[in-house]
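Peer 1: One file: start.txt (compact mmCIF, C-alpha atoms).
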# COMPACT_ATOMS: atom_id res chain seq x y z
CA MET M 706 178.91 274.28 -27.52
CA SER M 707 181.97 272.01 -27.20
CA ILE M 708 185.23 273.33 -25.70
CA THR M 709 187.06 272.76 -29.02
CA ALA M 710 184.47 274.75 -30.95
CA LEU M 711 184.60 277.56 -28.42
CA PHE M 712 188.40 277.66 -28.67
CA LEU M 713 188.27 277.92 -32.46
CA LEU M 714 185.75 280.73 -32.27
CA LEU M 715 187.77 282.76 -29.75
CA SER M 716 191.01 282.23 -31.66
CA SER M 717 189.43 283.43 -34.88
CA CYS M 718 187.99 286.50 -33.19
CA SER M 719 191.40 287.38 -31.75
CA LEU M 720 193.14 287.07 -35.08
CA PHE M 721 190.42 289.05 -36.84
CA ASN M 722 190.56 291.84 -34.28
CA PHE M 723 194.38 291.92 -34.50
CA SER M 724 194.30 292.32 -38.26
CA SER M 725 191.84 295.20 -37.94
CA ALA M 726 193.92 296.98 -35.29
CA HIS M 727 197.22 296.43 -37.15
CA PRO M 728 196.58 296.89 -40.87
CA ARG M 729 199.29 295.91 -43.34
CA GLY M 730 201.69 298.75 -44.02
CA HIS M 731 201.27 300.60 -40.70
CA GLY M 732 204.86 301.77 -40.38
CA SER M 733 205.01 303.07 -36.82
CA SER M 734 204.60 299.68 -35.14
CA PRO M 735 207.65 297.44 -34.60
CA LEU M 736 205.37 294.48 -35.46
CA VAL M 737 205.33 295.56 -39.10
CA ARG M 738 208.85 296.94 -39.42
CA ARG M 739 210.28 296.21 -42.83
CA THR M 740 214.08 296.38 -42.65
CA PRO M 741 215.72 295.73 -46.04
CA PRO M 742 218.87 293.57 -46.25
CA GLN M 743 221.13 296.64 -46.42
CA GLY M 744 219.69 297.88 -43.11
CA PHE M 745 218.11 301.16 -44.31
CA TYR M 746 216.12 302.71 -47.13
CA ASP M 747 217.87 305.25 -49.37
CA PRO M 748 216.15 308.57 -48.53
CA THR M 749 216.68 309.98 -52.03
CA SER M 750 214.78 307.12 -53.68
CA LEU M 751 211.75 308.10 -51.61
CA GLY M 752 211.87 311.89 -51.86
CA GLY M 753 214.36 312.53 -49.06
CA SER M 754 217.92 313.80 -48.90
CA TRP M 755 221.37 312.90 -47.55
CA LEU M 756 221.84 316.50 -46.46
CA THR M 757 220.15 318.14 -43.51
CA GLN M 758 218.26 321.39 -43.86
CA VAL M 759 219.93 324.27 -42.02
CA ASN M 760 218.14 327.55 -41.38
CA ASN M 761 219.62 330.98 -42.16
CA THR M 762 222.70 329.86 -44.11
CA PHE M 763 224.63 332.04 -46.52
CA PRO M 764 224.02 331.44 -49.28
CA PRO M 765 220.57 330.03 -48.44
CA GLY M 766 219.81 326.34 -48.80
CA LEU M 767 223.03 324.80 -47.45
CA GLY M 768 222.94 321.50 -45.54
CA GLU M 769 225.16 319.15 -43.56
CA PRO M 770 225.93 315.54 -44.50
CA ILE M 771 224.29 312.53 -42.90
CA ASN M 772 227.49 310.53 -42.72
CA VAL M 773 226.87 307.69 -40.23
CA ILE M 774 224.02 305.16 -40.05
CA LEU M 775 223.27 302.71 -37.26
CA LEU M 776 221.74 300.01 -39.43
CA GLY M 777 218.29 298.58 -38.83
CA THR M 778 219.86 295.10 -38.95
CA SER M 779 221.57 295.82 -35.62
CA ASP M 780 220.46 294.22 -32.38
CA PRO M 781 216.88 295.46 -31.81
CA ALA M 782 217.71 296.64 -28.29
CA VAL M 783 220.36 299.05 -29.60
CA LEU M 784 217.81 300.70 -31.89
CA VAL M 785 215.63 301.78 -28.96
CA ASP M 786 216.31 305.40 -27.98
CA GLN M 787 216.91 304.86 -24.27
CA GLN M 788 219.75 304.23 -21.84
CA THR M 789 218.08 301.28 -20.09
CA ASP M 790 218.20 297.70 -21.38
CA GLY M 791 221.31 298.34 -23.46
CA GLY M 792 219.57 300.89 -25.69
CA TYR M 793 220.99 303.46 -28.09
CA ARG M 794 221.94 305.98 -25.39
CA ASN M 795 223.80 303.30 -23.42
CA TYR M 796 225.61 302.22 -26.59
CA LEU M 797 226.75 305.81 -27.20
CA LEU M 798 228.02 306.08 -23.64
CA SER M 799 230.20 303.03 -24.28
CA PHE M 800 232.42 305.14 -26.53
CA GLY M 801 232.15 308.63 -25.11
CA PHE M 802 228.96 310.36 -26.30
CA ALA M 803 226.22 311.64 -24.01
CA GLY M 804 223.20 313.95 -24.04
CA GLU M 805 223.46 317.73 -23.92
CA CYS M 806 224.73 319.72 -20.95
CA LEU M 807 222.38 319.21 -17.99
CA GLY M 808 219.70 318.12 -20.45
CA GLN M 809 219.42 321.61 -21.94
CA HIS M 810 219.38 321.91 -25.74
CA SER M 811 221.79 324.46 -27.19
CA GLY M 812 222.38 325.48 -30.77
CA SER M 813 219.97 325.71 -33.67
CA ASP M 814 217.80 322.87 -34.87
CA GLN M 815 218.34 321.15 -38.20
CA GLN M 816 215.82 319.13 -40.18
CA ALA M 817 216.20 315.93 -42.19
CA ASN M 818 213.95 314.06 -44.61
CA LEU M 819 214.68 310.34 -44.48
CA GLY M 820 212.17 309.50 -47.20
CA ASP M 821 209.98 307.57 -44.78
CA GLY M 822 206.88 309.70 -45.22
CA HIS M 823 207.46 312.06 -42.31
CA GLY M 824 208.96 314.80 -44.47
CA TYR M 825 211.45 317.18 -42.85
CA LEU M 826 211.68 316.77 -39.06
CA ASN M 827 213.85 318.43 -36.42
CA GLU M 828 216.61 316.26 -35.02
CA THR M 829 215.56 313.86 -32.27
CA ALA M 830 218.44 315.12 -30.13
CA VAL M 831 222.03 316.34 -30.20
CA MET M 832 224.73 314.10 -28.72
CA ARG M 833 228.13 315.47 -27.68
CA TRP M 834 231.58 314.15 -26.85
CA ASP M 835 231.68 313.82 -23.06
CA TYR M 836 235.43 314.20 -22.45
CA GLY M 837 235.39 311.18 -20.13
CA ASP M 838 232.59 312.53 -17.93
CA PRO M 839 229.08 311.33 -18.94
CA THR M 840 227.44 313.72 -16.47
CA LEU M 841 229.14 317.07 -17.12
CA GLY M 842 231.53 316.44 -20.00
CA THR M 843 229.11 317.60 -22.66
CA CYS M 844 229.02 321.00 -20.92
CA GLN M 845 232.72 321.20 -21.67
CA GLU M 846 232.05 320.28 -25.31
CA SER M 847 229.42 323.01 -25.58
CA ILE M 848 232.03 325.59 -24.53
CA GLN M 849 235.30 324.13 -25.75
CA GLY M 850 233.99 322.49 -28.91
CA GLY M 851 234.52 318.94 -30.11
CA ASN M 852 232.71 316.08 -31.78
CA HIS M 853 228.92 316.11 -31.84
CA PHE M 854 226.01 314.93 -33.95
CA ARG M 855 222.29 315.17 -34.56
CA TYR M 856 220.22 312.08 -35.29
CA TRP M 857 216.91 310.96 -36.75
CA THR M 858 215.26 307.51 -36.93
CA GLN M 859 213.72 306.09 -40.11
CA THR M 860 210.35 304.89 -38.82
CA GLY M 861 207.68 306.32 -41.14
CA ALA M 862 205.10 304.15 -42.87
CA GLN M 863 206.80 304.67 -46.23
CA ALA M 864 210.17 303.29 -45.10
CA ASN M 865 210.24 301.79 -41.61
CA SER M 866 213.75 300.36 -41.35
CA GLY M 867 214.39 301.45 -37.75
CA ALA M 868 217.84 302.71 -38.81
CA ILE M 869 219.27 305.74 -37.02
CA PHE M 870 220.76 308.42 -39.30
CA MET M 871 223.47 310.67 -37.83
CA ALA M 872 225.02 313.93 -39.05
CA LEU M 873 228.44 314.33 -37.45
CA SER M 874 230.74 317.34 -37.35
CA TYR M 875 233.62 318.58 -35.22
CA GLU M 876 233.01 322.12 -34.04
CA GLU M 877 235.22 324.98 -32.89
CA PRO M 878 234.86 326.51 -29.38
CA GLU M 879 231.91 328.73 -28.55
CA GLN M 880 234.09 331.85 -28.80
CA LEU M 881 234.60 330.98 -32.49
CA ASN M 882 230.84 330.59 -32.97
CA HIS M 883 231.06 326.82 -33.20
CA ASP M 884 232.31 326.92 -36.77
CA ILE M 885 233.31 323.51 -38.19
CA ILE M 886 237.03 322.73 -38.34
CA PHE M 887 238.85 321.95 -41.58
CA ASN M 888 237.68 318.56 -42.88
CA GLY M 889 235.43 318.46 -39.82
CA TYR M 890 232.61 316.35 -41.27
CA ASN M 891 234.85 313.52 -42.40
CA LEU M 892 237.09 313.63 -39.31
CA ALA M 893 234.12 313.64 -36.92
CA ARG M 894 232.70 310.57 -38.66
CA ASP M 895 235.99 308.71 -38.47
CA TRP M 896 236.72 309.65 -34.86
CA LEU M 897 233.32 308.25 -33.89
CA VAL M 898 234.06 305.06 -35.84
CA GLY M 899 237.48 304.77 -34.21
CA ASN M 900 235.99 305.09 -30.73
CA ALA M 901 233.05 302.79 -31.46
CA THR M 902 235.45 300.07 -32.64
CA ALA M 903 238.14 300.77 -30.01
CA GLN M 904 240.89 301.38 -32.57
CA PRO M 905 244.42 301.77 -31.13
CA ALA M 906 245.19 304.65 -33.53
CA LEU M 907 243.37 307.33 -35.50
CA ILE M 908 241.57 306.13 -38.61
CA PRO M 909 243.44 307.46 -41.69
CA THR M 910 240.66 309.53 -43.25
CA ALA M 911 242.57 310.26 -46.46
CA ASN M 912 243.09 306.53 -47.14
CA LEU M 913 239.48 305.40 -46.77
CA THR M 914 237.69 303.93 -49.78
CA ASN M 915 234.38 302.27 -50.57
CA GLY M 916 234.35 298.95 -48.71
CA THR M 917 236.87 299.81 -45.97
CA THR M 918 235.92 297.99 -42.74
CA TYR M 919 236.63 298.23 -39.03
CA SER M 920 235.32 296.29 -36.04
CA GLY M 921 235.76 296.20 -32.30
CA GLN M 922 234.10 296.08 -28.90
CA THR M 923 233.04 298.63 -26.29
CA SER M 924 231.09 298.33 -23.04
CA TYR M 925 229.02 300.36 -20.63
CA GLY M 926 226.61 299.56 -17.80
CA GLY M 927 227.35 295.85 -18.01
CA TYR M 928 226.57 295.61 -21.74
CA VAL M 929 229.24 294.61 -24.25
CA TYR M 930 228.76 295.78 -27.84
CA GLN M 931 230.34 294.52 -31.04
CA THR M 932 230.42 297.20 -33.74
CA SER M 933 231.17 296.28 -37.36
CA VAL M 934 231.63 299.22 -39.74
CA GLN M 935 231.77 299.44 -43.50
CA TYR M 936 232.34 302.62 -45.45
CA VAL M 937 230.03 302.99 -48.44
CA SER M 938 230.11 305.44 -51.35
CA GLY M 939 227.46 306.27 -53.95
CA HIS M 940 224.98 308.10 -51.71
CA LEU M 941 226.68 311.33 -50.67
CA SER M 942 228.47 313.39 -53.29
CA ASN M 943 232.19 314.10 -52.98
CA THR M 944 231.82 317.88 -53.01
CA SER M 945 231.70 321.22 -51.24
CA ASN M 946 228.68 322.36 -53.22
CA GLY M 947 225.62 322.91 -51.05
CA ILE M 948 227.53 322.11 -47.84
CA ASN M 949 227.22 324.32 -44.77
CA HIS M 950 230.50 325.86 -43.54
CA PHE M 951 232.08 324.99 -46.89
CA VAL M 952 234.54 327.89 -46.59
CA THR M 953 236.25 326.48 -43.48
CA VAL M 954 235.60 322.76 -43.93
CA GLY M 955 236.80 322.42 -47.52
CA ALA M 956 239.94 324.25 -48.64
CA ASN M 957 243.19 323.82 -50.54
CA GLY M 958 241.63 321.45 -53.03
CA THR M 959 239.90 319.31 -50.36
CA ASP M 960 236.15 318.84 -50.69
CA ALA M 961 234.07 319.40 -47.55
CA VAL M 962 232.53 315.93 -47.97
CA ASP M 963 234.44 312.88 -49.25
CA GLY M 964 231.29 310.99 -50.25
CA LEU M 965 231.65 308.13 -47.76
CA ILE M 966 229.06 307.03 -45.19
CA ALA M 967 229.99 304.80 -42.25
CA MET M 968 227.47 301.96 -41.85
CA LEU M 969 227.40 300.56 -38.30
CA ASN M 970 226.02 297.13 -37.51
CA VAL M 971 225.91 296.61 -33.74
CA LYS M 972 225.30 293.47 -31.71
CA ILE M 973 225.07 293.01 -27.95
CA LEU M 974 227.54 290.28 -26.97
CA SER M 975 226.65 290.17 -23.29
CA ALA M 976 224.29 291.86 -20.85
CA PRO M 977 224.01 292.14 -17.05
CA SER M 978 222.42 289.24 -15.26
CA GLY M 979 218.65 289.68 -15.21
CA ALA M 980 218.63 292.32 -17.96
CA THR M 981 215.30 292.79 -19.70
CA LYS M 982 215.09 291.90 -23.37
CA SER M 983 213.87 294.83 -25.46
CA LYS M 984 210.22 294.70 -26.52
CA SER M 985 211.33 295.95 -29.92
CA ASP M 986 212.46 292.39 -30.64
CA ALA M 987 208.82 291.30 -30.87
CA ARG M 988 207.84 289.66 -34.14
CA LEU M 989 204.59 288.31 -35.54
CA SER M 990 204.19 284.54 -35.46
CA VAL M 991 201.47 284.70 -38.10
CA PRO M 992 202.31 286.47 -41.40
CA LEU M 993 200.23 289.59 -41.95
CA SER M 994 199.40 288.34 -45.44
CA LEU M 995 197.28 285.60 -43.87
CA PHE M 996 194.94 287.95 -42.05
CA PRO M 997 192.69 288.63 -45.09
CA VAL M 998 192.39 284.88 -45.58
CA LEU M 999 191.47 284.34 -41.94
CA ALA M 1000 188.94 287.15 -42.17
CA ALA M 1001 187.32 285.46 -45.17
CA VAL M 1002 187.27 282.08 -43.43
CA PHE M 1003 185.82 283.49 -40.21
CA PRO M 1004 182.12 283.42 -41.29
CA MET M 1005 182.39 279.79 -42.41
CA LEU M 1006 184.11 278.84 -39.15
CA LEU M 1007 181.42 280.61 -37.18
CA SER M 1008 178.72 278.66 -39.04
CA THR M 1009 180.54 275.42 -38.24
CA VAL M 1010 180.74 276.31 -34.55
CA LEU M 1011 177.05 277.17 -34.39
CA PHE M 1012 176.17 273.88 -36.13
CA MET M 1013 178.34 271.90 -33.68
CA ALA M 1014 176.61 273.65 -30.80
Turn the structure described in the file into structure tokens.

Peer 2:
Amino acid sequence: MSITALFLLLSSCSLFNFSSAHPRGHGSSPLVRRTPPQGFYDPTSLGGSWLTQVNNTFPPGLGEPINVILLGTSDPAVLVDQQTDGGYRNYLLSFGFAGECLGQHSGSDQQANLGDGHGYLNETAVMRWDYGDPTLGTCQESIQGGNHFRYWTQTGAQANSGAIFMALSYEEPEQLNHDIIFNGYNLARDWLVGNATAQPALIPTANLTNGTTYSGQTSYGGYVYQTSVQYVSGHLSNTSNGINHFVTVGANGTDAVDGLIAMLNVKILSAPSGATKSKSDARLSVPLSLFPVLAAVFPMLLSTVLFMA
């Protein structure tokens, strides 16, 4: 058998085996991630919800708004849930959010259905304002109260955008049972946006409208991030109906939720010398749609190789 013929045979076998191991539509692999232009899939169009599911509410069935999204069009490294290599946890540290006190989970779990085929899942984790101390500051937040959020990633086979969905709220101190402050969902969202874009003043929550934008830079661990934010309406309802803590959050004619979601698109502007590029940036060099064709051609190619031998 000639070297050329052997090469063709081995190449075909590799491609055929790859197509068998990675069938079209397998949503959990980054190789087949399908991120739409808007950076996420609307959960409600696929059986999901923009509200979390909270246990033991009164009345039953109340939820909390998913009001911030880290878009799947962001730098792939930022979408990886890790602190190394400029990942999501490192990005959060760049503007004051860290994991729970001493790594111990406190508070009740909430569930979200992102419409990606996973159904309702508990939050991946809870992140808390660190009061300037990434190591112990979230312990202070757990006692004193402050900004915090739960998050989930849209990675199911039905809608694998890679976007990270966050439900933010600003809570009272532990002695007040961590109730949510007045307007605490909207304010928590906007205080995160203000920190993530390094704004010199508080974002005027009452003046925000569909299409409002902010941008700015933060850094941590040698990574510099550019965050571009756009507020979008039309997904969440402007209401207090069905919202957890509606008695304290919405009052005096103010709805608990203003109907706006902050969409974050994040890019890494610079990284430490020798930093490793995230493996999540891997992409296929051969379109998946060609694998059935290659599989069909394989028998004919094999016959040709055998004839040449």

Peer 1: Within 12 Å of Ser945 (chain M), counting only C-alpha atoms, which residues show up once you throw out same-chain ones fewer than 5 positions away? Write them as a ChimeraX atom specification, please.

Peer 2: /M:756,767-770,888,890,950-964

Peer 1: Give me, as number ranges by chain, all polymer residues having an atom no more than 6 Å from region 796-800 of chain M, counting all atoms listed in the file and skipping those fewer than 2 positions away in the same chain.

Peer 2: M: 793-794, 802-803, 900-901, 923-925

Peer 1: Of the candidates M:Gly926, M:Gly921, M:Gly889, M:Gly861, which shows the shortest atom-to-atom distance to Val737 (chain M), using only C-alpha atoms?

Peer 2: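 Distance minimum relative to Val737 (chain M) lands on M:Gly861.
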
Peer 1: For a quick check of understanding, using all atoms listed in the file, which of M:Phe763, M:Phe745, M:Trp755, M:Tyr919 has the smallest distance to Ala864 (chain M)?

Peer 2: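 Residue with the minimum atom-to-atom distance to Ala864 (chain M): M:Phe745.
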
Peer 1: One decimal, in Å: what's the spacing between CA of Gly850 (chain M) and CA of Gly812 (chain M)?

Peer 2: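 Taking CA of Gly850 (chain M) and CA of Gly812 (chain M), their separation equals 12.1 Å.
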
Peer 1: Which polymer residues, whether protein, DNA or RNA, lie within 12 Å of the coordinate (220.6, 317.7, -39.8) when you count all atoms listed in the file? List them as a PyMOL selection string, using the chain letters and numbers from the file.

Peer 2: chain M and resi 754-760+767-773+813-819+825-831+853-858+870-874+948-949

Peer 1: For Ser866 (chain M), which of M:Met968, M:Ile973, M:Leu784, M:Cys844 is the closest residue, counting only C-alpha atoms?

Peer 2: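 Counting only C-alpha atoms, the residue closest to Ser866 (chain M) is M:Leu784.
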
Peer 1: I'd like to know which of M:Thr840, M:Gln935, M:Gln922, M:Asn852 is closest to Trp896 (chain M), using all atoms listed in the file.

Peer 2: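 Among M:Thr840, M:Gln935, M:Gln922, M:Asn852, it is M:Asn852 that comes nearest to Trp896 (chain M).
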
Peer 1: Could you check the closest approach to Glu846 (chain M) for each of M:Ala868, M:Ile885, M:Cys806, M:Ala967 and tell me which residue wins, using only C-alpha atoms?

Peer 2: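 Closest to Glu846 (chain M) of all the choices is M:Cys806.
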
Peer 1: Which one is closest to Thr944 (chain M): M:Met832, M:Ile869, M:Leu965, M:Ile908? Count all atoms listed in the file.

Peer 2: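 Nearest candidate to Thr944 (chain M) out of M:Met832, M:Ile869, M:Leu965, M:Ile908: M:Leu965.
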
Peer 1: One decimal, in Å: what's the spacing between CA of Gln788 (chain M) and CA of Gly927 (chain M)?

Peer 2: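 CA of Gln788 (chain M) sits 11.9 Å away from CA of Gly927 (chain M).
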
Peer 1: I'd like the interatomic distance between CA of Glu879 (chain M) and CA of Ala906 (chain M), to a tenth of an Å.

Peer 2: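 For CA of Glu879 (chain M) relative to CA of Ala906 (chain M), the distance reads 27.9 Å.
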